[in-house]
Amino acid sequence: MLLDVKNVSVRFASGHGVQAVENVSLTVNKKEKVCIVGETGSGKSILLLAILHLLPENAIVTGEAFFEGEDMIRMKRRQLDKIRGTRISYVPQGSGNGLNPLLTVGFQVAEPMIEHQKIGKKEAIAEAVKLMKRFHIGDEEEVAAQYPFTYSGGMKQRAMIAMGIIAGADMILADEPTKGLDEERIEMVVDAFHSLKDQAVLCVTHDLNFAREISDSISVMYASNQVEYASAKELLEHPLHPYTQDMIAAMPENGLHFSEGFAMAHEDYAEGGCKYAPRCRFCKEKCKETPPMLEVEGHQVRCWLYTGKEGERHASDNGKAL
Amino acid sequence: MTRHIAQKIATAFVTIFVIITISFFLVHIMPGDPVIHLVGQEEYYYLLDNDPETLNKLIARYGLDDSLPVQYGKYLKNIVTMDFGPSYTNQKPVVSNVLKACKWTLFLSIPTWIIGGLLGALLGVIAGWKPGKLFDKIMTPILLIVNTIPSNCFCLILLIFLAYRMKLFPINGMVSPGVEGMARVQSILQHMFLPLIIMILYRTSGDFMLMKSAVSQVRSEEYIMTAESKGLPSRKVLFRHVMKNAMVPYATSFCMQFGGILSGSMIIEVVFGWKGMGTILYNAVSNRDFPTAQFCFLLSAALVVFANLISDIVNAAIDPRIREEGIQDA
């Protein structure tokens with residue numbers, strides 16, 4: 001097991017105090033690809049940053065995130081500097097502002113290598129160009145000397161994937177790699193992820209199709225909670241949690257059947273209770289209590305439907321009867 | 001890059017020409033007849049009534065009887081030859097008058113520009129890098145107070161306590177009369193101490209605020225998180241990634257302040273009786289001394305335009321977006 005996240009919660013101390021992530025656990029094995037899906041604001045990106053110890057100081061992170069047996073959440077800066085970038089790396093959003101506007105892309109891609117392997121700038125940039133070639137960015141020698149503002153979102157995303165693996169990291173944490181990209185560019189990013197045969201990936205996305213393409217397992221988050229976690233095939237074909245089912249029904253190819261309502265703002269949730277209850281077709285009295293994470297048919301699912309006798313029936317129907 | 005700079009230089013020349021023209025007409029539409037100041041008010045009215053001939057000769061001597069376009073033409077010629085004629089108030093050549101005042105202003109403004117600029121930037125980087133920490137909590141309120149007190153008020157407070165009550169410094173002037181050699185240098189230093197300290201404090205506080213906000217803003221950018229995620233030590237994140245980006249607004253401001261070194265401190269000069277550019281311009285405007293005022297305007301305007309040009313070049317050197325596209329969205 002490469003990464004073992006145990007009961008990680010994140011709370012922001014500012015204002016009323018916002019619970020951004022609540023008790024999330026998941027594991028990533030060597031070379032395994034795991035996606036965390038969920039809507040904007042569900043806390044998936046925050047979870048990623050919490051694991052990497054990149055959150056600002058007003059974030060209170062509890063729980064444990066063992067990377068190769070060492071807990072990153074309690075790690076000191078010096079120790080973090082030794083593993084970040086070279087054993088575990090972060091791939092920011094290509095459509096965002098993840099590259100320094102004043103440094104050449106080639107240098108930024110090469111930077112982890114310069115830092116960790118004490119290699120000269122020139123050789124490291126040559127290595128970066130080689131790696132960028134692998135992701136087909138086009139005219140690599142030339143574009144490596146250019147600045148991020150000349151890059152399209154898709155080019156930036158692929159350059160940043162190269163940046164993630166250049167110093168030999170075997171675990172990559174990627175934040176919404178397909179956000180803001182058109183179909184063709186998403187295809188290129190999918191190819192780039194497919195070519196990461198030797199690396200494990202933990203990827204946050206709101207794009208279910210992308211998750212289907214690249215992942216072995218999928219974790220679903222809703223309003224700071226992890227609601228379901230299973231292998232990609234299982235989860236997409238036999239979703240158990242009502243939210244997962246609704247989410248899949250809302251995909252364009254399934255006819256855009258949206259469930260009513262929105263995820264509420266964090267402070268609007270009553271103490272405890274299932275957070276999907278206000279939108280859930282199966283909401284019952286019991287849902288006022290916080291559901292436990294259950295092991296059902298190889299899924300982990302946080303829903304009261306799967307407890308007791310009736311639950312067993314639901315489960316053996318693999319959620320279809322719902 | 002070269003084309004970008006050439007464009008900027010061309011714009012600078014056009015700007016200077018426009019400033020020259022405006023400053024000529026601005027001075028001429030001010031009310032009041034300059035001849036009154038040439039001969040004094042009583043004599044002027046005496047001559048007007050009894051000897052208009054002499055008055056007309058005087059007007060002709062200064063070229064004030066020409067039509068405005070002719071005066072403008074002569075004025076342009078004077079600028080090209082750098083000959084502005086005598087001052088209307090003390091009859092000495094304007095250029096040497098003003099350059100002498102420049103020297104005294106530069107005594108104050110160059111140390112202010114350099115020391116204040118560097119000190120403000122240094123403190124601002126420290127406070128912006130760790131906002132909310134002890135250093136920030138102490139420095140920010142102190143410098144904010146300094147920055148908000150009007151400078152004339154601050155001058156008077158220091159004058160009352162340090163110069164008048166405690167007699168540590170002279171009250172005004174630039175040098176004690178009748179001293180020579182090292183004693184003269186010492187006297188100048190004593191005289192410039194208070195105005196210099198005040199100017200440095202203001203500059204430090206202004207640059208501190210600017211640098212602090214630039215650093216703390218850049219610090220929360222996504223690419224800083226990326227830099228941290230690469231395992232770079234804090235020092236490299238700060239110098240390579242944060243500082244470089246925070247330098248863009250700071251470099252602009254630092255260059256522009258250079259443009260103000262001849263004209264930036266009129267109030268402080270007047271309060272401390274410092275006979276620099278601020279004082280000479282103030283007197284020239286109140287006495288309708290056209291040539292002096294025009295030369296002062298020209299000099300400080302040319303310096304501002306020059307500083308602007310330097311700041312454009314420096315910005316283009318730092319920021320590839322400006323260099324390659326001429327766009328400025330940073």
# chains A, B, ... in the order shown; residues from 1 in each chain; ligands from 1
>>> residues_around(residues="Val125 (chain B)", least_positions_apart="6", cutoff="7 Å", atoms="only C-alpha atoms", output="number ranges by chain")
B: 211-212, 215
>>> closest_atom_pairs(of="chain B", to="chain A", cutoff="9 Å", atoms="only C-alpha atoms", output="tab-separated table")
residue	atom	partner	partner_atom	distance
B:Ser220	CA	A:Pro56	CA	8.6
B:Glu221	CA	A:Asn97	CA	7.3
B:Glu222	CA	A:Gly98	CA	5.0
B:Tyr223	CA	A:Gly98	CA	4.2
B:Ile224	CA	A:Asn100	CA	7.6
B:Met225	CA	A:Leu54	CA	6.6
B:Thr226	CA	A:Gly98	CA	6.1
B:Ala227	CA	A:Asn100	CA	8.5
B:Glu228	CA	A:Leu54	CA	7.4
B:Ser229	CA	A:Arg84	CA	5.7
B:Lys230	CA	A:Gly85	CA	3.9
B:Gly231	CA	A:Asp81	CA	3.9
B:Leu232	CA	A:Asp81	CA	6.1
B:Pro233	CA	A:Asp81	CA	6.3
B:Ser234	CA	A:Arg77	CA	8.8
B:His241	CA	A:Asn100	CA	6.9
B:Lys244	CA	A:Leu102	CA	7.4
B:Asn245	CA	A:Leu102	CA	7.0
B:Ile318	CA	A:Leu102	CA	7.2
B:Asp319	CA	A:Leu102	CA	5.8
B:Pro320	CA	A:Leu102	CA	6.4
B:Arg321	CA	A:Phe149	CA	7.0
>>> select_by_dssp(residues="region 6-169 of chain A", states="strand (DSSP E)", output="JSON list (two decimals) with C-alpha atoms, in the first residue's frame")
[["chain", "number", "residue", "atom", "x", "y", "z"],
["A", 6, "LYS", "CA", -7.32, 7.38, 7.56],
["A", 7, "ASN", "CA", -10.19, 9.49, 8.87],
["A", 8, "VAL", "CA", -8.91, 12.76, 7.50],
["A", 9, "SER", "CA", -10.99, 15.80, 8.44],
["A", 10, "VAL", "CA", -10.31, 19.42, 7.55],
["A", 11, "ARG", "CA", -11.81, 22.40, 9.28],
["A", 12, "PHE", "CA", -11.12, 26.02, 8.47],
["A", 18, "VAL", "CA", -16.16, 25.52, 7.96],
["A", 19, "GLN", "CA", -15.97, 21.75, 7.93],
["A", 20, "ALA", "CA", -14.53, 21.09, 4.49],
["A", 21, "VAL", "CA", -13.70, 17.40, 4.76],
["A", 22, "GLU", "CA", -15.14, 14.91, 7.24],
["A", 23, "ASN", "CA", -13.63, 11.55, 8.11],
["A", 24, "VAL", "CA", -12.45, 10.45, 4.70],
["A", 25, "SER", "CA", -10.50, 7.20, 4.40],
["A", 26, "LEU", "CA", -9.10, 5.64, 1.27],
["A", 27, "THR", "CA", -6.07, 3.73, 0.08],
["A", 28, "VAL", "CA", -3.98, 3.78, -3.06],
["A", 33, "LYS", "CA", -5.38, 4.89, -10.20],
["A", 34, "VAL", "CA", -8.01, 6.28, -7.85],
["A", 35, "CYS", "CA", -10.43, 9.09, -8.63],
["A", 36, "ILE", "CA", -12.34, 11.19, -6.16],
["A", 37, "VAL", "CA", -15.51, 12.50, -7.77],
["A", 59, "ALA", "CA", -6.86, 24.88, 8.17],
["A", 60, "ILE", "CA", -7.04, 22.35, 11.00],
["A", 61, "VAL", "CA", -6.31, 18.89, 9.66],
["A", 62, "THR", "CA", -6.94, 15.78, 11.76],
["A", 63, "GLY", "CA", -6.53, 12.11, 10.93],
["A", 64, "GLU", "CA", -3.60, 10.42, 9.27],
["A", 65, "ALA", "CA", -2.25, 10.12, 5.75],
["A", 66, "PHE", "CA", 0.47, 7.51, 5.58],
["A", 67, "PHE", "CA", 2.67, 7.70, 2.54],
["A", 70, "GLU", "CA", 5.02, 7.93, 7.18],
["A", 71, "ASP", "CA", 2.24, 10.26, 8.25],
["A", 88, "ILE", "CA", 4.86, 12.17, -4.12],
["A", 89, "SER", "CA", 3.94, 15.06, -6.34],
["A", 90, "TYR", "CA", 1.11, 17.43, -7.05],
["A", 91, "VAL", "CA", -0.31, 18.24, -10.48]]
>>> residues_around(residues="Val218 (chain B)", least_positions_apart="4", cutoff="7 Å", atoms="only C-alpha atoms", output="list in words")
Ala214, Val242, Asn245 and Ala246 of chain B
>>> residues_around(residues="Ala284 (chain B)", least_positions_apart="2", cutoff="12 Å", atoms="only C-alpha atoms", output="mmCIF file with all heavy atoms, in the first residue's frame")
data_model
loop_
_atom_site.group_PDB
_atom_site.id
_atom_site.type_symbol
_atom_site.label_atom_id
_atom_site.label_comp_id
_atom_site.auth_asym_id
_atom_site.auth_seq_id
_atom_site.Cartn_x
_atom_site.Cartn_y
_atom_site.Cartn_z
ATOM 1 N N VAL B 27 1.575 78.704 -17.663
ATOM 2 C CA VAL B 27 2.198 79.833 -16.978
ATOM 3 C C VAL B 27 1.624 81.148 -17.514
ATOM 4 O O VAL B 27 1.395 82.091 -16.775
ATOM 5 C CB VAL B 27 3.725 79.772 -17.144
ATOM 6 C CG1 VAL B 27 4.368 81.036 -16.630
ATOM 7 C CG2 VAL B 27 4.290 78.570 -16.420
ATOM 8 N N PRO B 34 3.697 89.892 -15.069
ATOM 9 C CA PRO B 34 5.034 89.624 -14.522
ATOM 10 C C PRO B 34 5.860 90.889 -14.311
ATOM 11 O O PRO B 34 6.747 90.898 -13.466
ATOM 12 C CB PRO B 34 5.666 88.715 -15.575
ATOM 13 C CG PRO B 34 4.860 88.892 -16.798
ATOM 14 C CD PRO B 34 3.483 89.246 -16.351
ATOM 15 N N HIS B 37 6.325 92.187 -10.844
ATOM 16 C CA HIS B 37 7.349 91.566 -10.006
ATOM 17 C C HIS B 37 8.747 91.957 -10.442
ATOM 18 O O HIS B 37 9.686 91.908 -9.658
ATOM 19 C CB HIS B 37 7.184 90.048 -10.025
ATOM 20 C CG HIS B 37 5.880 89.633 -9.412
ATOM 21 N ND1 HIS B 37 5.715 89.567 -8.052
ATOM 22 C CD2 HIS B 37 4.687 89.330 -9.958
ATOM 23 C CE1 HIS B 37 4.460 89.212 -7.792
ATOM 24 N NE2 HIS B 37 3.814 89.069 -8.943
ATOM 25 N N SER B 87 16.450 85.077 -14.413
ATOM 26 C CA SER B 87 15.249 84.973 -13.597
ATOM 27 C C SER B 87 14.651 86.362 -13.442
ATOM 28 O O SER B 87 15.377 87.348 -13.382
ATOM 29 C CB SER B 87 15.623 84.390 -12.236
ATOM 30 O OG SER B 87 14.701 84.795 -11.274
ATOM 31 N N TYR B 88 13.315 86.461 -13.356
ATOM 32 C CA TYR B 88 12.695 87.782 -13.205
ATOM 33 C C TYR B 88 12.946 88.332 -11.817
ATOM 34 O O TYR B 88 12.862 89.525 -11.587
ATOM 35 C CB TYR B 88 11.167 87.679 -13.411
ATOM 36 C CG TYR B 88 10.749 87.410 -14.841
ATOM 37 C CD1 TYR B 88 11.699 87.225 -15.846
ATOM 38 C CD2 TYR B 88 9.408 87.366 -15.186
ATOM 39 C CE1 TYR B 88 11.303 86.971 -17.149
ATOM 40 C CE2 TYR B 88 9.002 87.122 -16.485
ATOM 41 C CZ TYR B 88 9.955 86.914 -17.465
ATOM 42 O OH TYR B 88 9.564 86.661 -18.746
ATOM 43 N N THR B 89 13.242 87.459 -10.836
ATOM 44 C CA THR B 89 13.356 87.955 -9.469
ATOM 45 C C THR B 89 14.774 88.331 -9.081
ATOM 46 O O THR B 89 14.984 89.363 -8.467
ATOM 47 C CB THR B 89 12.793 86.939 -8.459
ATOM 48 O OG1 THR B 89 13.233 85.639 -8.834
ATOM 49 C CG2 THR B 89 11.287 86.982 -8.425
ATOM 50 N N ASN B 90 15.773 87.501 -9.428
ATOM 51 C CA ASN B 90 17.127 87.924 -8.997
ATOM 52 C C ASN B 90 18.092 88.159 -10.164
ATOM 53 O O ASN B 90 19.283 88.318 -9.954
ATOM 54 C CB ASN B 90 17.703 86.944 -7.964
ATOM 55 C CG ASN B 90 18.036 85.597 -8.584
ATOM 56 O OD1 ASN B 90 17.825 85.378 -9.779
ATOM 57 N ND2 ASN B 90 18.571 84.704 -7.764
ATOM 58 N N VAL B 94 18.562 81.565 -15.091
ATOM 59 C CA VAL B 94 17.615 80.608 -14.523
ATOM 60 C C VAL B 94 18.254 79.236 -14.333
ATOM 61 O O VAL B 94 18.124 78.605 -13.283
ATOM 62 C CB VAL B 94 16.384 80.488 -15.449
ATOM 63 C CG1 VAL B 94 15.565 79.272 -15.096
ATOM 64 C CG2 VAL B 94 15.555 81.743 -15.366
ATOM 65 N N ASN B 97 20.530 78.989 -11.364
ATOM 66 C CA ASN B 97 19.671 79.107 -10.174
ATOM 67 C C ASN B 97 19.024 77.774 -9.816
ATOM 68 O O ASN B 97 19.086 77.304 -8.680
ATOM 69 C CB ASN B 97 18.516 80.070 -10.490
ATOM 70 C CG ASN B 97 18.740 81.426 -9.879
ATOM 71 O OD1 ASN B 97 19.680 81.601 -9.116
ATOM 72 N ND2 ASN B 97 17.892 82.380 -10.226
ATOM 73 N N VAL B 98 18.384 77.203 -10.836
ATOM 74 C CA VAL B 98 17.595 76.000 -10.588
ATOM 75 C C VAL B 98 18.501 74.805 -10.309
ATOM 76 O O VAL B 98 18.230 74.003 -9.414
ATOM 77 C CB VAL B 98 16.648 75.714 -11.782
ATOM 78 C CG1 VAL B 98 15.970 74.366 -11.636
ATOM 79 C CG2 VAL B 98 15.610 76.818 -11.890
ATOM 80 N N MET B 277 14.351 72.546 -4.815
ATOM 81 C CA MET B 277 13.439 72.702 -5.946
ATOM 82 C C MET B 277 12.027 73.070 -5.507
ATOM 83 O O MET B 277 11.358 73.869 -6.156
ATOM 84 C CB MET B 277 13.375 71.381 -6.729
ATOM 85 C CG MET B 277 14.556 71.143 -7.598
ATOM 86 S SD MET B 277 14.568 72.260 -8.981
ATOM 87 C CE MET B 277 13.423 71.421 -10.074
ATOM 88 N N GLY B 278 11.574 72.463 -4.416
ATOM 89 C CA GLY B 278 10.227 72.743 -3.934
ATOM 90 C C GLY B 278 10.083 74.219 -3.618
ATOM 91 O O GLY B 278 9.135 74.886 -4.063
ATOM 92 N N THR B 279 11.037 74.758 -2.875
ATOM 93 C CA THR B 279 10.982 76.159 -2.475
ATOM 94 C C THR B 279 11.096 77.078 -3.695
ATOM 95 O O THR B 279 10.360 78.055 -3.823
ATOM 96 C CB THR B 279 12.128 76.452 -1.489
ATOM 97 O OG1 THR B 279 12.136 75.427 -0.510
ATOM 98 C CG2 THR B 279 11.952 77.794 -0.836
ATOM 99 N N ILE B 280 12.025 76.776 -4.580
ATOM 100 C CA ILE B 280 12.257 77.673 -5.723
ATOM 101 C C ILE B 280 11.035 77.692 -6.645
ATOM 102 O O ILE B 280 10.640 78.754 -7.154
ATOM 103 C CB ILE B 280 13.557 77.277 -6.478
ATOM 104 C CG1 ILE B 280 14.138 78.519 -7.174
ATOM 105 C CG2 ILE B 280 13.329 76.221 -7.516
ATOM 106 C CD1 ILE B 280 15.488 78.240 -7.783
ATOM 107 N N LEU B 281 10.381 76.544 -6.790
ATOM 108 C CA LEU B 281 9.193 76.490 -7.638
ATOM 109 C C LEU B 281 8.045 77.257 -6.977
ATOM 110 O O LEU B 281 7.328 78.025 -7.621
ATOM 111 C CB LEU B 281 8.797 75.034 -7.890
ATOM 112 C CG LEU B 281 7.583 74.818 -8.790
ATOM 113 C CD1 LEU B 281 7.819 75.425 -10.159
ATOM 114 C CD2 LEU B 281 7.272 73.331 -8.934
ATOM 115 N N TYR B 282 7.932 77.060 -5.668
ATOM 116 C CA TYR B 282 6.905 77.757 -4.892
ATOM 117 C C TYR B 282 7.064 79.269 -5.063
ATOM 118 O O TYR B 282 6.119 79.994 -5.366
ATOM 119 C CB TYR B 282 7.056 77.350 -3.425
ATOM 120 C CG TYR B 282 6.120 78.022 -2.472
ATOM 121 C CD1 TYR B 282 4.803 77.574 -2.335
ATOM 122 C CD2 TYR B 282 6.544 79.099 -1.690
ATOM 123 C CE1 TYR B 282 3.943 78.181 -1.450
ATOM 124 C CE2 TYR B 282 5.681 79.713 -0.804
ATOM 125 C CZ TYR B 282 4.382 79.259 -0.680
ATOM 126 O OH TYR B 282 3.532 79.864 0.188
ATOM 127 N N SER B 286 4.662 82.040 -7.096
ATOM 128 C CA SER B 286 4.040 83.191 -6.432
ATOM 129 C C SER B 286 4.531 84.514 -7.007
ATOM 130 O O SER B 286 3.849 85.511 -6.912
ATOM 131 C CB SER B 286 4.235 83.156 -4.914
ATOM 132 O OG SER B 286 5.101 82.164 -4.522
ATOM 133 N N ASN B 287 5.740 84.557 -7.597
ATOM 134 C CA ASN B 287 6.268 85.822 -8.114
ATOM 135 C C ASN B 287 6.141 85.969 -9.625
ATOM 136 O O ASN B 287 6.758 86.852 -10.211
ATOM 137 C CB ASN B 287 7.746 85.965 -7.735
ATOM 138 C CG ASN B 287 7.917 86.072 -6.236
ATOM 139 O OD1 ASN B 287 7.022 86.546 -5.544
ATOM 140 N ND2 ASN B 287 9.042 85.605 -5.737
ATOM 141 N N ARG B 288 5.379 85.106 -10.279
ATOM 142 C CA ARG B 288 5.226 85.141 -11.744
ATOM 143 C C ARG B 288 6.577 85.135 -12.443
ATOM 144 O O ARG B 288 6.790 85.843 -13.417
ATOM 145 C CB ARG B 288 4.463 86.405 -12.194
ATOM 146 C CG ARG B 288 3.150 86.649 -11.531
ATOM 147 C CD ARG B 288 2.097 85.669 -11.995
ATOM 148 N NE ARG B 288 0.877 85.879 -11.226
ATOM 149 C CZ ARG B 288 0.698 85.402 -9.993
ATOM 150 N NH1 ARG B 288 1.639 84.656 -9.418
ATOM 151 N NH2 ARG B 288 -0.416 85.627 -9.336
ATOM 152 N N ASP B 289 7.505 84.364 -11.919
ATOM 153 C CA ASP B 289 8.822 84.269 -12.542
ATOM 154 C C ASP B 289 8.741 83.204 -13.633
ATOM 155 O O ASP B 289 9.122 82.057 -13.439
ATOM 156 C CB ASP B 289 9.854 83.910 -11.460
ATOM 157 C CG ASP B 289 11.277 83.956 -11.973
ATOM 158 O OD1 ASP B 289 11.456 84.093 -13.201
ATOM 159 O OD2 ASP B 289 12.196 83.852 -11.155
ATOM 160 N N PHE B 290 8.197 83.600 -14.813
ATOM 161 C CA PHE B 290 7.927 82.636 -15.891
ATOM 162 C C PHE B 290 9.092 81.709 -16.193
ATOM 163 O O PHE B 290 8.938 80.488 -16.183
ATOM 164 C CB PHE B 290 7.536 83.366 -17.181
ATOM 165 C CG PHE B 290 6.194 84.001 -17.152
ATOM 166 C CD1 PHE B 290 5.790 84.836 -18.173
ATOM 167 C CD2 PHE B 290 5.312 83.767 -16.095
ATOM 168 C CE1 PHE B 290 4.539 85.438 -18.165
ATOM 169 C CE2 PHE B 290 4.067 84.365 -16.079
ATOM 170 C CZ PHE B 290 3.683 85.206 -17.118
ATOM 171 N N PRO B 291 10.272 82.253 -16.506
ATOM 172 C CA PRO B 291 11.346 81.350 -16.959
ATOM 173 C C PRO B 291 11.722 80.314 -15.907
ATOM 174 O O PRO B 291 11.904 79.137 -16.222
ATOM 175 C CB PRO B 291 12.520 82.289 -17.235
ATOM 176 C CG PRO B 291 11.936 83.639 -17.321
ATOM 177 C CD PRO B 291 10.701 83.651 -16.493
ATOM 178 N N THR B 292 11.800 80.743 -14.654
ATOM 179 C CA THR B 292 12.172 79.799 -13.601
ATOM 180 C C THR B 292 11.119 78.705 -13.472
ATOM 181 O O THR B 292 11.444 77.510 -13.430
ATOM 182 C CB THR B 292 12.328 80.530 -12.264
ATOM 183 O OG1 THR B 292 13.272 81.589 -12.437
ATOM 184 C CG2 THR B 292 12.813 79.596 -11.180
ATOM 185 N N ALA B 293 9.846 79.137 -13.403
ATOM 186 C CA ALA B 293 8.776 78.152 -13.248
ATOM 187 C C ALA B 293 8.789 77.165 -14.411
ATOM 188 O O ALA B 293 8.696 75.953 -14.216
ATOM 189 C CB ALA B 293 7.428 78.857 -13.169
ATOM 190 N N GLN B 294 8.961 77.705 -15.634
ATOM 191 C CA GLN B 294 8.945 76.825 -16.804
ATOM 192 C C GLN B 294 10.096 75.826 -16.773
ATOM 193 O O GLN B 294 9.924 74.650 -17.080
ATOM 194 C CB GLN B 294 9.002 77.643 -18.085
ATOM 195 C CG GLN B 294 7.629 78.140 -18.488
ATOM 196 C CD GLN B 294 7.702 79.265 -19.489
ATOM 197 O OE1 GLN B 294 8.748 79.890 -19.663
ATOM 198 N NE2 GLN B 294 6.588 79.542 -20.127
ATOM 199 N N PHE B 295 11.250 76.310 -16.372
ATOM 200 C CA PHE B 295 12.395 75.400 -16.344
ATOM 201 C C PHE B 295 12.203 74.322 -15.266
ATOM 202 O O PHE B 295 12.531 73.157 -15.472
ATOM 203 C CB PHE B 295 13.698 76.174 -16.115
ATOM 204 C CG PHE B 295 14.918 75.316 -16.220
ATOM 205 C CD1 PHE B 295 15.144 74.534 -17.351
ATOM 206 C CD2 PHE B 295 15.858 75.271 -15.191
ATOM 207 C CE1 PHE B 295 16.266 73.737 -17.451
ATOM 208 C CE2 PHE B 295 16.978 74.470 -15.293
ATOM 209 C CZ PHE B 295 17.193 73.702 -16.426
ATOM 210 N N CYS B 296 11.657 74.725 -14.110
ATOM 211 C CA CYS B 296 11.380 73.741 -13.050
ATOM 212 C C CYS B 296 10.395 72.680 -13.543
ATOM 213 O O CYS B 296 10.613 71.483 -13.369
ATOM 214 C CB CYS B 296 10.779 74.407 -11.819
ATOM 215 S SG CYS B 296 11.948 75.376 -10.894
ATOM 216 N N PHE B 297 9.307 73.147 -14.158
ATOM 217 C CA PHE B 297 8.307 72.204 -14.679
ATOM 218 C C PHE B 297 8.960 71.248 -15.665
ATOM 219 O O PHE B 297 8.768 70.039 -15.611
ATOM 220 C CB PHE B 297 7.179 72.956 -15.408
ATOM 221 C CG PHE B 297 6.213 73.629 -14.489
ATOM 222 C CD1 PHE B 297 5.656 74.862 -14.818
ATOM 223 C CD2 PHE B 297 5.842 73.042 -13.285
ATOM 224 C CE1 PHE B 297 4.753 75.483 -13.975
ATOM 225 C CE2 PHE B 297 4.948 73.659 -12.436
ATOM 226 C CZ PHE B 297 4.400 74.891 -12.783
#
>>> atom_distance(atom1="CA of Glu228 (chain A)", atom2="CA of Asp182 (chain A)")
28.4 Å
>>> residues_around(residues="Ala144 (chain A)", least_positions_apart="5", cutoff="9 Å", atoms="only C-alpha atoms", output="VMD selection string")
chain A and resid 104 to 107 109 125 128 to 129 132 139
>>> write_last_selection(atoms="N, CA and C atoms", output="PDB file, in the first residue's frame")
ATOM      1  N   THR A 104      10.099  30.188 -17.326  1.00  0.00           N
ATOM      2  CA  THR A 104       9.774  29.385 -18.512  1.00  0.00           C
ATOM      3  C   THR A 104       9.173  28.048 -18.075  1.00  0.00           C
ATOM      4  N   VAL A 105       8.319  27.501 -18.927  1.00  0.00           N
ATOM      5  CA  VAL A 105       7.678  26.231 -18.598  1.00  0.00           C
ATOM      6  C   VAL A 105       8.738  25.135 -18.470  1.00  0.00           C
ATOM      7  N   GLY A 106       9.726  25.164 -19.357  1.00  0.00           N
ATOM      8  CA  GLY A 106      10.783  24.154 -19.309  1.00  0.00           C
ATOM      9  C   GLY A 106      11.463  24.128 -17.952  1.00  0.00           C
ATOM     10  N   PHE A 107      11.799  25.305 -17.452  1.00  0.00           N
ATOM     11  CA  PHE A 107      12.454  25.365 -16.147  1.00  0.00           C
ATOM     12  C   PHE A 107      11.537  24.851 -15.047  1.00  0.00           C
ATOM     13  N   VAL A 109       9.074  22.741 -15.280  1.00  0.00           N
ATOM     14  CA  VAL A 109       8.920  21.291 -15.362  1.00  0.00           C
ATOM     15  C   VAL A 109      10.174  20.617 -14.798  1.00  0.00           C
ATOM     16  N   ILE A 125      16.567  20.580 -17.879  1.00  0.00           N
ATOM     17  CA  ILE A 125      15.607  21.089 -18.859  1.00  0.00           C
ATOM     18  C   ILE A 125      15.571  20.171 -20.084  1.00  0.00           C
ATOM     19  N   ALA A 128      13.390  17.519 -19.197  1.00  0.00           N
ATOM     20  CA  ALA A 128      12.004  17.997 -19.223  1.00  0.00           C
ATOM     21  C   ALA A 128      11.467  17.975 -20.648  1.00  0.00           C
ATOM     22  N   VAL A 129      12.301  18.407 -21.586  1.00  0.00           N
ATOM     23  CA  VAL A 129      11.884  18.427 -22.994  1.00  0.00           C
ATOM     24  C   VAL A 129      11.572  17.011 -23.465  1.00  0.00           C
ATOM     25  N   MET A 132       8.313  16.017 -22.019  1.00  0.00           N
ATOM     26  CA  MET A 132       7.204  16.740 -22.641  1.00  0.00           C
ATOM     27  C   MET A 132       6.912  16.159 -24.017  1.00  0.00           C
ATOM     28  N   ASP A 139       6.629  20.720 -30.723  1.00  0.00           N
ATOM     29  CA  ASP A 139       7.772  21.638 -30.772  1.00  0.00           C
ATOM     30  C   ASP A 139       8.407  21.813 -29.404  1.00  0.00           C
TER      31      ASP A 139
END
>>> atom_distance(atom1="CA of Leu48 (chain B)", atom2="CA of Phe25 (chain B)")
25.9 Å
>>> atom_distance(atom1="CA of Cys102 (chain B)", atom2="CA of Leu299 (chain B)")
9.7 Å
>>> residues_around(residues="His136 (chain A)", least_positions_apart="3", cutoff="12 Å", atoms="only C-alpha atoms", output="list in words")
Val129, Lys130, Leu131, Met132, Lys133, Asp139, Glu140, Glu141, Val143, Gly154, Met155, Lys156, Gln157, Arg158, Ala159, Ile161, Ala162, Arg185, Met188, Val189, Asp191, Ala192 and Ser195 of chain A
>>> residues_around(residues="Thr112 (chain B)", least_positions_apart="6", cutoff="10 Å", atoms="only C-alpha atoms", output="ChimeraX atom specification")
/B:106,118,195-204,257,261
>>> select_by_dssp(residues="region 61-297 of chain B", states="helix (DSSP H, G or I)", output="PyMOL selection string")
chain B and resi 61+68-81+94-129+134-148+151-165+181-219+222-229+234-259+266-271+277-286+290-297
